[in-house]
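Quick look at target-v3.cif (mmCIF, C-alpha atoms and all ligand atoms):
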```
data_data
loop_
_atom_site.label_atom_id
_atom_site.label_comp_id
_atom_site.auth_asym_id
_atom_site.auth_seq_id
_atom_site.Cartn_x
_atom_site.Cartn_y
_atom_site.Cartn_z
CA MET C 13 -1.75 24.85 24.72
CA SER C 14 -3.44 26.18 21.55
CA VAL C 15 -1.52 26.10 18.30
CA VAL C 16 -1.38 29.93 18.24
CA ARG C 17 0.00 30.04 21.80
CA GLY C 18 2.42 27.31 20.90
CA LEU C 19 3.68 29.26 17.90
CA ALA C 20 4.07 32.42 19.97
CA HIS C 21 6.12 30.50 22.52
CA ALA C 22 8.20 28.92 19.80
CA PHE C 23 9.15 32.39 18.54
CA GLY C 24 9.92 33.58 22.06
CA GLY C 25 7.02 36.03 22.38
CA ALA C 26 3.88 36.15 24.49
CA PRO C 27 0.61 35.22 22.80
CA CYS C 28 -0.53 38.51 21.27
CA HIS C 29 -3.87 37.87 19.59
CA ARG C 30 -5.59 39.57 22.56
CA HIS C 31 -4.51 42.86 20.99
CA MET C 32 -5.66 42.05 17.47
CA PRO C 33 -8.98 43.00 15.90
CA LEU C 34 -11.44 40.08 16.14
CA SER C 35 -11.35 39.33 12.40
CA LYS C 36 -7.55 38.97 12.51
CA GLN C 37 -7.74 36.78 15.63
CA ARG C 38 -10.03 34.38 13.79
CA SER C 39 -7.78 34.14 10.80
CA ALA C 40 -4.77 33.50 13.05
CA GLU C 41 -6.68 30.67 14.77
CA ASP C 42 -7.75 29.35 11.38
CA VAL C 43 -4.15 29.23 10.20
CA GLY C 44 -3.21 27.40 13.37
CA LEU C 45 -6.05 24.92 13.00
CA SER C 46 -5.35 24.21 9.38
CA GLN C 47 -1.70 23.61 10.24
CA ALA C 48 -2.75 21.18 12.96
CA LYS C 49 -4.97 19.32 10.51
CA GLU C 50 -2.40 19.25 7.73
CA LYS C 51 -1.26 15.68 8.37
CA GLY C 52 -3.44 13.66 6.03
CA PRO C 53 -4.57 10.10 6.67
CA VAL C 54 -2.60 6.98 5.81
CA ILE C 55 -4.67 4.21 4.28
CA ALA C 56 -3.14 0.73 4.24
CA VAL C 57 -4.61 -1.83 1.85
CA ASP C 58 -3.22 -5.35 2.21
CA GLY C 59 -4.28 -8.66 0.75
CA PRO C 60 -3.30 -11.69 -1.33
CA ALA C 61 -2.72 -11.85 -5.10
CA ALA C 62 -5.66 -10.89 -7.31
CA SER C 63 -7.89 -9.98 -4.37
CA GLY C 64 -8.76 -6.60 -5.91
CA LYS C 65 -6.62 -4.57 -3.51
CA GLY C 66 -4.98 -2.59 -6.33
CA THR C 67 -8.32 -1.48 -7.77
CA ILE C 68 -9.54 -0.56 -4.29
CA ALA C 69 -6.34 1.31 -3.37
CA ARG C 70 -6.40 3.37 -6.60
CA ALA C 71 -10.07 4.22 -6.08
CA LEU C 72 -9.46 5.24 -2.44
CA ALA C 73 -6.57 7.46 -3.54
CA ARG C 74 -8.82 9.17 -6.10
CA HIS C 75 -11.69 9.51 -3.65
CA PHE C 76 -9.61 11.09 -0.87
CA GLY C 77 -7.23 12.96 -3.20
CA LEU C 78 -4.18 11.11 -1.82
CA PRO C 79 -1.02 9.88 -3.55
CA HIS C 80 -0.88 6.12 -4.08
CA MET C 81 1.95 3.60 -4.01
CA ASP C 82 1.56 0.05 -5.33
CA THR C 83 4.36 -1.54 -3.28
CA GLY C 84 4.15 -4.77 -5.28
CA LEU C 85 5.72 -2.83 -8.15
CA LEU C 86 8.90 -2.34 -6.09
CA TYR C 87 9.29 -6.11 -5.63
CA ARG C 88 8.45 -6.60 -9.31
CA ALA C 89 11.10 -4.04 -10.29
CA VAL C 90 13.74 -5.88 -8.25
CA ALA C 91 12.64 -9.15 -9.88
CA LEU C 92 12.81 -7.56 -13.34
CA ASN C 93 16.36 -6.28 -12.69
CA LEU C 94 17.44 -9.73 -11.58
CA TRP C 95 15.76 -11.37 -14.57
CA ARG C 96 17.40 -9.00 -17.05
CA TRP C 97 20.84 -9.59 -15.55
CA GLY C 98 20.26 -13.32 -15.48
CA GLY C 99 20.89 -13.23 -11.72
CA ASP C 100 20.33 -16.25 -9.49
CA PRO C 101 16.98 -15.97 -7.63
CA SER C 102 18.12 -18.54 -5.07
CA SER C 103 20.85 -16.14 -3.95
CA GLN C 104 19.73 -13.50 -1.46
CA PHE C 105 22.94 -11.62 -2.19
CA GLU C 106 22.17 -11.34 -5.92
CA ALA C 107 18.57 -10.37 -5.19
CA LEU C 108 19.87 -7.62 -2.91
CA ARG C 109 22.18 -6.34 -5.66
CA ALA C 110 19.10 -6.08 -7.89
CA CYS C 111 17.70 -3.50 -5.41
CA ASP C 112 20.43 -1.00 -6.32
CA GLU C 113 19.42 2.05 -8.35
CA LEU C 114 15.84 0.89 -8.56
CA GLY C 115 14.50 3.11 -11.33
CA PHE C 116 11.59 1.64 -13.30
CA ASP C 117 8.71 2.55 -15.55
CA PRO C 118 5.43 1.43 -13.89
CA ALA C 119 3.94 0.99 -17.37
CA ASP C 120 6.65 -1.49 -18.44
CA PRO C 121 4.65 -4.62 -19.44
CA ASP C 122 7.57 -6.86 -18.37
CA LEU C 123 6.84 -5.94 -14.75
CA ARG C 124 3.56 -7.87 -14.99
CA SER C 125 4.89 -10.83 -16.97
CA GLU C 126 4.59 -14.32 -15.51
CA PRO C 127 8.33 -15.00 -14.96
CA VAL C 128 8.72 -11.65 -13.21
CA SER C 129 5.61 -12.25 -11.07
CA LYS C 130 7.03 -15.58 -9.99
CA LEU C 131 10.46 -14.10 -9.26
CA ALA C 132 8.88 -11.23 -7.31
CA SER C 133 7.09 -13.71 -5.10
CA LEU C 134 10.39 -15.55 -4.46
CA ILE C 135 12.68 -12.59 -3.79
CA SER C 136 10.12 -10.82 -1.58
CA ALA C 137 10.75 -13.50 1.06
CA TYR C 138 14.38 -12.33 1.50
CA PRO C 139 14.80 -10.19 4.64
CA ALA C 140 17.62 -8.19 2.98
CA VAL C 141 15.39 -7.30 0.01
CA ARG C 142 12.53 -6.24 2.29
CA ALA C 143 14.93 -4.14 4.37
CA ALA C 144 16.31 -2.45 1.24
CA LEU C 145 12.81 -1.41 0.15
CA LEU C 146 11.58 -0.38 3.61
CA LYS C 147 12.66 3.27 3.75
CA ARG C 148 11.21 4.14 0.35
CA GLN C 149 7.81 2.84 1.44
CA GLN C 150 7.96 4.40 4.92
CA ASP C 151 8.94 7.78 3.44
CA PHE C 152 5.98 7.60 1.09
CA ALA C 153 3.65 6.68 3.95
CA SER C 154 4.88 9.51 6.17
CA GLN C 155 4.46 12.40 3.73
CA ALA C 156 2.54 15.25 5.30
CA GLY C 157 -0.57 15.10 3.15
CA GLY C 158 -1.22 11.40 3.79
CA ALA C 159 -1.08 8.46 1.39
CA VAL C 160 -2.60 5.20 0.25
CA LEU C 161 -0.30 2.17 -0.02
CA ASP C 162 -1.20 -1.32 -1.07
CA GLY C 163 0.77 -4.52 -0.56
CA ARG C 164 1.16 -7.33 1.93
CA ASP C 165 2.67 -5.75 5.04
CA ILE C 166 1.50 -2.13 4.94
CA GLY C 167 -0.73 -2.26 8.02
CA THR C 168 1.66 -4.48 9.97
CA VAL C 169 5.19 -3.26 9.11
CA ILE C 170 5.29 -0.21 6.83
CA ALA C 171 2.57 1.91 8.43
CA PRO C 172 1.41 0.20 11.66
CA ARG C 173 -0.20 3.47 12.79
CA ALA C 174 -2.26 3.95 9.61
CA GLU C 175 -5.64 5.52 10.31
CA VAL C 176 -7.39 3.05 8.01
CA LYS C 177 -6.35 -0.56 7.43
CA LEU C 178 -8.22 -2.72 4.97
CA PHE C 179 -7.45 -6.38 4.36
CA VAL C 180 -8.92 -7.26 0.98
CA THR C 181 -9.44 -10.90 0.18
CA ALA C 182 -11.48 -13.38 -1.87
CA THR C 183 -11.49 -17.17 -2.22
CA PRO C 184 -8.55 -18.65 -4.19
CA GLU C 185 -11.01 -19.89 -6.85
CA VAL C 186 -12.48 -16.42 -7.43
CA ARG C 187 -9.01 -14.87 -7.51
CA ALA C 188 -7.82 -17.49 -10.00
CA GLU C 189 -10.79 -16.72 -12.27
CA ARG C 190 -9.97 -13.00 -12.13
CA ARG C 191 -6.27 -13.56 -12.86
CA LEU C 192 -7.17 -15.93 -15.73
CA LYS C 193 -9.44 -13.30 -17.28
CA GLU C 194 -6.67 -10.72 -16.95
CA LEU C 195 -4.10 -12.99 -18.60
CA LEU C 196 -6.43 -14.00 -21.44
CA GLY C 197 -7.35 -10.33 -21.88
CA CYS C 198 -3.65 -9.57 -22.49
CA GLY C 199 -3.56 -12.23 -25.21
CA MET C 200 -1.65 -14.70 -23.01
CA ASN C 201 -2.23 -18.43 -23.03
CA ALA C 202 -3.35 -19.65 -19.57
CA HIS C 203 -5.38 -22.42 -17.96
CA TYR C 204 -7.57 -22.15 -14.89
CA GLU C 205 -5.97 -25.09 -13.02
CA ASP C 206 -2.44 -23.67 -13.51
CA VAL C 207 -3.49 -20.21 -12.42
CA LEU C 208 -5.23 -21.60 -9.34
CA ALA C 209 -2.15 -23.65 -8.41
CA ASP C 210 0.01 -20.55 -8.84
CA ILE C 211 -2.31 -18.46 -6.63
CA ARG C 212 -2.20 -21.13 -3.92
CA ALA C 213 1.59 -21.35 -4.11
CA ARG C 214 1.89 -17.55 -3.81
CA ASP C 215 -0.53 -17.48 -0.88
CA ALA C 216 1.58 -20.09 0.90
CA ARG C 217 4.81 -18.14 0.26
CA ASP C 218 3.25 -14.78 1.25
CA SER C 219 1.73 -16.12 4.47
CA GLY C 220 4.49 -18.56 5.36
CA ARG C 221 7.60 -16.39 5.08
CA GLU C 222 9.41 -15.43 8.26
CA VAL C 223 9.73 -11.71 7.62
CA ALA C 224 6.61 -9.57 7.19
CA PRO C 225 4.22 -12.38 6.28
CA LEU C 226 0.81 -11.57 4.86
CA THR C 227 -1.40 -11.42 7.92
CA LEU C 228 -4.48 -9.58 9.11
CA ALA C 229 -3.48 -6.73 11.43
CA ALA C 230 -5.49 -6.73 14.67
CA ASP C 231 -7.10 -3.39 13.78
CA ALA C 232 -7.67 -4.11 10.07
CA ILE C 233 -11.12 -4.39 8.51
CA LEU C 234 -11.66 -7.50 6.42
CA VAL C 235 -13.21 -6.85 2.99
CA ASP C 236 -14.18 -10.09 1.27
CA THR C 237 -14.71 -9.33 -2.42
CA SER C 238 -15.59 -12.93 -3.45
CA GLU C 239 -19.16 -11.95 -4.23
CA LEU C 240 -18.60 -8.32 -5.15
CA GLY C 241 -17.99 -6.76 -8.56
CA PRO C 242 -15.28 -4.06 -8.80
CA ASP C 243 -17.75 -1.16 -8.33
CA GLN C 244 -19.38 -2.79 -5.31
CA ALA C 245 -15.99 -3.61 -3.77
CA VAL C 246 -14.82 -0.01 -4.22
CA ALA C 247 -18.07 1.41 -2.80
CA GLU C 248 -17.74 -0.84 0.27
CA ALA C 249 -14.09 0.12 0.77
CA VAL C 250 -14.88 3.85 0.51
CA ARG C 251 -17.73 3.46 3.00
CA LEU C 252 -15.52 1.60 5.50
CA ALA C 253 -12.65 4.07 5.12
CA GLU C 254 -14.94 7.07 5.62
CA GLN C 255 -16.41 5.44 8.70
CA ARG C 256 -12.94 4.74 10.16
CA LEU C 257 -11.79 8.30 9.49
CA GLU C 258 -14.93 9.69 11.09
CA GLU C 259 -14.37 7.49 14.18
CA ALA C 260 -10.75 8.69 14.34
CA ARG C 261 -11.94 12.34 14.18
CA VAL C 262 -14.39 12.04 17.08
CA ARG C 263 -12.01 10.03 19.26
O1 LIG L 301 -0.73 -8.38 -8.21
P1 LIG L 301 -0.26 -9.37 -7.20
O2 LIG L 301 -1.05 -9.29 -5.94
O3 LIG L 301 -0.10 -10.76 -7.74
O4 LIG L 301 1.24 -8.99 -6.84
P2 LIG L 301 1.84 -7.60 -6.39
O5 LIG L 301 0.99 -6.95 -5.35
O6 LIG L 301 2.21 -6.81 -7.58
O7 LIG L 301 3.18 -8.09 -5.64
C1 LIG L 301 4.19 -8.80 -6.33
C2 LIG L 301 4.88 -9.72 -5.34
O8 LIG L 301 5.55 -8.94 -4.36
C3 LIG L 301 3.92 -10.64 -4.59
O9 LIG L 301 4.17 -11.96 -4.96
C4 LIG L 301 4.19 -10.44 -3.11
O10 LIG L 301 4.64 -11.62 -2.55
C5 LIG L 301 5.29 -9.39 -3.05
N1 LIG L 301 4.94 -8.27 -2.20
C6 LIG L 301 5.36 -8.29 -0.89
O11 LIG L 301 5.97 -9.25 -0.44
N2 LIG L 301 5.11 -7.22 -0.07
C7 LIG L 301 4.44 -6.15 -0.53
N3 LIG L 301 4.23 -5.11 0.29
C8 LIG L 301 3.99 -6.13 -1.86
C9 LIG L 301 4.24 -7.21 -2.67
#
```
Do you think you could lay out the structure here as structure tokens?
Amino acid sequence: MSVVRGLAHAFGGAPCHRHMPLSKQRSAEDVGLSQAKEKGPVIAVDGPAASGKGTIARALARHFGLPHMDTGLLYRAVALNLWRWGGDPSSQFEALRACDELGFDPADPDLRSEPVSKLASLISAYPAVRAALLKRQQDFASQAGGAVLDGRDIGTVIAPRAEVKLFVTATPEVRAERRLKELLGCGMNAHYEDVLADIRARDARDSGREVAPLTLAADAILVDTSELGPDQAVAEAVRLAEQRLEEARVR
């Protein structure tokens, strides 16, 4: 049934565009078609720490004119709450309490601090914390115009029906070098060996946890950025996303 016929039925009347002038019929069909197309695409970008997924997700959002959610910030905000209260990170119950009234300023530098990063990695393994943050992420992913989300479990748990799924990765050594540069750039004191050990520990926690582990969804495209600069990585991601969306259109 066409969208116009469907609408006519929904309002209890017979399809009436037969009696309209041709120009009006076209515009009625156009309205119907644009309504049918209104649901925008969901783009899921997953990957380990410092893989470049944030840069890629922001660029994809700009390119396709979609809203973007960095889901890591939610876990960081919970960690920051817990840290400020002096809560016990080994208690799932206290971590869950830190999910209450989760207002935060994404520009708050404390969100990106080392203690908070470490805490975020710990508390994100708690099933109760993940469950508390689930609806917020799913609501964002299901908005009518489409969305880009980046994290660890977007393509597997949050938006398993996403039209585009990218899994962005790079070797631990390359990711450690990137993170080191970032930290030194912020005036922080850091050493390559420590940063590499931290990246490896986070990888193990992300991939080894029981709930929503970091894993490549069966229909995700792997983007290895080990040998790509930021511009090249973004160009490759845009190309792959456009290709996937085109395939979805012709299917
Ligand atoms: O920037 P980086 O990749 O180090 O971290 P992030 O994406 O800001 O995420 C912060 C922490 O939250 C990570 O240690 C992840 O373990 C966790 N996280 C998660 O478990 N699930 C997500 N969807 C996003 C982040």
Please identify every polymer residue within 7 Å of ligand LIG 301 (chain L), using only C-alpha atoms and all ligand atoms, and present the set as an mmCIF file with C-alpha atoms, in the frame of the given file.
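Written file, out.cif:
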```cif
data_model
loop_
_atom_site.group_PDB
_atom_site.id
_atom_site.type_symbol
_atom_site.label_atom_id
_atom_site.label_comp_id
_atom_site.auth_asym_id
_atom_site.auth_seq_id
_atom_site.Cartn_x
_atom_site.Cartn_y
_atom_site.Cartn_z
ATOM 1 C CA PRO C 60 -3.300 -11.690 -1.330
ATOM 2 C CA ALA C 61 -2.720 -11.850 -5.100
ATOM 3 C CA ALA C 62 -5.660 -10.890 -7.310
ATOM 4 C CA THR C 83 4.360 -1.540 -3.280
ATOM 5 C CA GLY C 84 4.150 -4.770 -5.280
ATOM 6 C CA LEU C 85 5.720 -2.830 -8.150
ATOM 7 C CA TYR C 87 9.290 -6.110 -5.630
ATOM 8 C CA ARG C 88 8.450 -6.600 -9.310
ATOM 9 C CA SER C 129 5.610 -12.250 -11.070
ATOM 10 C CA LYS C 130 7.030 -15.580 -9.990
ATOM 11 C CA ALA C 132 8.880 -11.230 -7.310
ATOM 12 C CA SER C 133 7.090 -13.710 -5.100
ATOM 13 C CA SER C 136 10.120 -10.820 -1.580
ATOM 14 C CA ALA C 137 10.750 -13.500 1.060
ATOM 15 C CA ASP C 162 -1.200 -1.320 -1.070
ATOM 16 C CA GLY C 163 0.770 -4.520 -0.560
ATOM 17 C CA ARG C 164 1.160 -7.330 1.930
ATOM 18 C CA ASP C 165 2.670 -5.750 5.040
ATOM 19 C CA ILE C 166 1.500 -2.130 4.940
ATOM 20 C CA ARG C 214 1.890 -17.550 -3.810
ATOM 21 C CA ASP C 218 3.250 -14.780 1.250
#
```
Restricting to only C-alpha atoms, whichever of C:Val90, C:Gly241, C:Gln150, C:Gly59 is closest to Ser219 in chain C is C:Gly59
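Distance-wise, CA of Arg261 in chain C and CA of Ile55 in chain C end up 14.7 Å apart.
Among the candidates C:Ala182, C:Ala230, C:Leu257, C:Leu196, the one nearest to Asp215 in chain C when counting all atoms listed in the file is C:Ala182.
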Margin query: Taking (-7.2, -22.2, -17.5) in the coordinates of the supplied file, I want to know which residues reach to within 12 Å of it, counting all atoms listed in the file; could you give the answer as a ChimeraX atom specification?
Written below: /C:185,188-196,200-210
Residues from the last selection, C-alpha atoms, saved as a PDB file, in the frame of the given file:
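What landed in again.pdb:
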```pdb
ATOM      1  CA  GLU C 185     -11.010 -19.890  -6.850  1.00  0.00           C
ATOM      2  CA  ALA C 188      -7.820 -17.490 -10.000  1.00  0.00           C
ATOM      3  CA  GLU C 189     -10.790 -16.720 -12.270  1.00  0.00           C
ATOM      4  CA  ARG C 190      -9.970 -13.000 -12.130  1.00  0.00           C
ATOM      5  CA  ARG C 191      -6.270 -13.560 -12.860  1.00  0.00           C
ATOM      6  CA  LEU C 192      -7.170 -15.930 -15.730  1.00  0.00           C
ATOM      7  CA  LYS C 193      -9.440 -13.300 -17.280  1.00  0.00           C
ATOM      8  CA  GLU C 194      -6.670 -10.720 -16.950  1.00  0.00           C
ATOM      9  CA  LEU C 195      -4.100 -12.990 -18.600  1.00  0.00           C
ATOM     10  CA  LEU C 196      -6.430 -14.000 -21.440  1.00  0.00           C
ATOM     11  CA  MET C 200      -1.650 -14.700 -23.010  1.00  0.00           C
ATOM     12  CA  ASN C 201      -2.230 -18.430 -23.030  1.00  0.00           C
ATOM     13  CA  ALA C 202      -3.350 -19.650 -19.570  1.00  0.00           C
ATOM     14  CA  HIS C 203      -5.380 -22.420 -17.960  1.00  0.00           C
ATOM     15  CA  TYR C 204      -7.570 -22.150 -14.890  1.00  0.00           C
ATOM     16  CA  GLU C 205      -5.970 -25.090 -13.020  1.00  0.00           C
ATOM     17  CA  ASP C 206      -2.440 -23.670 -13.510  1.00  0.00           C
ATOM     18  CA  VAL C 207      -3.490 -20.210 -12.420  1.00  0.00           C
ATOM     19  CA  LEU C 208      -5.230 -21.600  -9.340  1.00  0.00           C
ATOM     20  CA  ALA C 209      -2.150 -23.650  -8.410  1.00  0.00           C
ATOM     21  CA  ASP C 210       0.010 -20.550  -8.840  1.00  0.00           C
TER      22      ASP C 210
END
```
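Here CA of Ala249 in chain C and CA of Asp58 in chain C stand 12.3 Å from one another.
A straight line drawn from CA of Ala71 in chain C to CA of Val141 in chain C is 28.6 Å long.
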Exercise. Hey, can you pull every residue with an atom no more than 9 Å from (-5.5, 5.2, 9.9), using all atoms listed in the file, and send it as number ranges by chain?
Worked result: C: 53-56, 171-177, 253, 256-257, 260
Of C:Arg124, C:Arg142, C:Arg212, C:Arg74, the one sitting nearest Val246 in chain C when using only C-alpha atoms is C:Arg74
Using all atoms listed in the file, the residue out of C:Ala144, C:Ile170, C:Leu134, C:Val160 with shortest distance to Ala73 in chain C is C:Val160
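Summary of the local environment: counting only C-alpha atoms, residues at most 8 Å from Leu234 in chain C, other than itself and those fewer than 5 positions away along its chain, are Leu178, Phe179, Val180, Thr181 and Leu228 of chain C.
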